[in-house]
Amino acid sequence: MKLYYFETPHPRIACAVAKHTDAPVEWVRIDLTRGENKRPEYLAIDPNGKVPALVDGDVTLWEAPAVICHLAAKTGSDLWPQDERARIDILRWFNWSTAHFSRHAGTIFFERVIKPGLRLGEPDAHNIEQSSAMLRPFAGVLDAHLAQRDYLVGNRLSLADFHAAMFLGYDAAQLPLEEFGHIARWYARLHELPAWREPFPAQA
Ligand SMILES: N[C@@H](CCC(=O)N[C@@H](CS)C(=O)NCC(=O)O)C(=O)O
């Protein structure tokens with residue numbers, strides 16, 4: 001099973017899940033800074049030219065939720081529980097994260113981390129302000145949910161937690177989340193996981 005990754009947020013969660021579940025993956029680093037994701041041999045795996053992607057025999061998957069579900073299912077991990085109700089809830093949080101929370105957090109991350117890192121110009125203050133305003137209400141939803149429980153689904157660690165946290169923990173992104181204490185406590189619990197703290201394989 002080959003896992004295609006780079007040291008950025010979406011592959012971060014795929015790598016963290018692979019490590020957490022001890023999935024037998026062969027790591028394949030796709031250097032985004034050198035455009036390796038746009039080479040024909042990689043586009044044959046993911047025509048979108050993004051990471052993560054996974055190839056397991058005749059199964060080829062792209063999109064982080066599909067990749068992490070496959071890793072957890074393959075290893076029999078309860079990060080993707082057997083219970084159907086819990087699975088539906090995890091799908092709900094994947095969608096919420098993609099459409100709202102991680103979307104706006106991702107824009108801020110792009111402005112403050114990716115742009116300077118790749119010399120793509122100055123962060124756009126207006127874009128950051130707008131995205132911060134859009135992020136806060138969704139952060140409020142997450143914070144209120146976590147006021148009642150330690151994890152997003154079934155009060156146990158699941159793939160939903162990994163997905164929703166993909167843009168958290170990057171100091172340079174300065175996400176406007178200071179007022180949300182329950183999110184901070186939840187993130188601190190994730191940060192206790194060795195696989196979360198060190199998701200990526202050591203580079204050769
Ligand atoms: N919807 C995709 C998003 C993946 C994505 O945006 N990956 C970024 C890295 S975090 C990427 O590959 N960017 C390279 C590019 O867009 O050229 C998923 O869920 O996996």
# chains A, B, ... in the order shown; residues from 1 in each chain; ligands from 1
$ residues_near_ligand --ligand "ligand 1" --cutoff "9 Å" --atoms "only C-alpha atoms and all ligand atoms" --output "PDB file with C-alpha atoms, in the first residue's frame"
ATOM      1  CA  TYR A   5       2.206  12.649   0.969  1.00  0.00           C
ATOM      2  CA  PHE A   6       3.956  15.935   1.598  1.00  0.00           C
ATOM      3  CA  GLU A   7       4.461  17.830   4.872  1.00  0.00           C
ATOM      4  CA  THR A   8       1.239  19.860   4.585  1.00  0.00           C
ATOM      5  CA  PRO A   9      -2.180  19.692   6.318  1.00  0.00           C
ATOM      6  CA  HIS A  10      -4.227  17.223   4.230  1.00  0.00           C
ATOM      7  CA  PRO A  11      -1.494  14.592   3.988  1.00  0.00           C
ATOM      8  CA  ARG A  12      -0.653  15.334   7.618  1.00  0.00           C
ATOM      9  CA  ALA A  14      -3.378  10.678   6.320  1.00  0.00           C
ATOM     10  CA  ILE A  30       5.642  14.075  -3.450  1.00  0.00           C
ATOM     11  CA  LEU A  32       4.968  20.055  -3.896  1.00  0.00           C
ATOM     12  CA  THR A  33       7.669  22.728  -3.961  1.00  0.00           C
ATOM     13  CA  GLY A  35       5.888  20.435  -8.756  1.00  0.00           C
ATOM     14  CA  ASN A  37       2.348  16.580  -7.985  1.00  0.00           C
ATOM     15  CA  LYS A  38       1.885  17.888 -11.540  1.00  0.00           C
ATOM     16  CA  ASN A  48      -6.238  16.637  -9.361  1.00  0.00           C
ATOM     17  CA  GLY A  49      -2.526  16.804  -8.640  1.00  0.00           C
ATOM     18  CA  LYS A  50      -2.990  16.912  -4.859  1.00  0.00           C
ATOM     19  CA  VAL A  51      -1.847  14.934  -1.847  1.00  0.00           C
ATOM     20  CA  PRO A  52      -2.662  12.679  -0.090  1.00  0.00           C
ATOM     21  CA  ALA A  53      -3.365   9.751  -2.376  1.00  0.00           C
ATOM     22  CA  TRP A  62      -7.527  10.489  -3.465  1.00  0.00           C
ATOM     23  CA  GLU A  63      -9.300  12.925  -1.090  1.00  0.00           C
ATOM     24  CA  ALA A  64      -8.148  12.777   2.496  1.00  0.00           C
ATOM     25  CA  PRO A  65     -11.416  11.400   3.979  1.00  0.00           C
ATOM     26  CA  ALA A  66     -11.404   8.436   1.587  1.00  0.00           C
ATOM     27  CA  VAL A  67      -7.729   7.795   2.256  1.00  0.00           C
ATOM     28  CA  THR A  98     -14.228  20.553   4.488  1.00  0.00           C
ATOM     29  CA  GLY A 106      -7.053  26.755   5.285  1.00  0.00           C
TER      30      GLY A 106
END
$ closest_atom_pairs --of "segment 74-122 of chain A" --to "segment 134-155 of chain A" --cutoff "8 Å" --atoms "only C-alpha atoms" --output "Markdown table"
| residue | atom | partner | partner_atom | distance |
| --- | --- | --- | --- | --- |
| A:Ala86 | CA | A:Val153 | CA | 6.5 |
| A:Asp89 | CA | A:Val153 | CA | 6.6 |
| A:Ile90 | CA | A:Val153 | CA | 6.6 |
| A:Trp93 | CA | A:Leu152 | CA | 8.0 |
| A:His100 | CA | A:Phe138 | CA | 6.7 |
| A:Phe101 | CA | A:Phe138 | CA | 5.8 |
| A:His104 | CA | A:Leu135 | CA | 5.4 |
| A:Ala105 | CA | A:Leu135 | CA | 6.6 |
$ closest_atom_pairs --of "segment 144-179 of chain A" --to "segment 109-115 of chain A" --cutoff "8 Å" --atoms "only C-alpha atoms" --output "CSV"
residue,atom,partner,partner_atom,distance
A:Phe167,CA,A:Phe109,CA,7.3
A:Ala172,CA,A:Val113,CA,6.3
A:Ala173,CA,A:Phe109,CA,5.0
A:Gln174,CA,A:Arg112,CA,7.9
A:Leu175,CA,A:Phe109,CA,7.9
$ closest_residue --among "A:Arg92, A:Ser131, A:Phe200, A:Thr107" --to "Tyr4 of chain A" --atoms "only C-alpha atoms"
A:Phe200
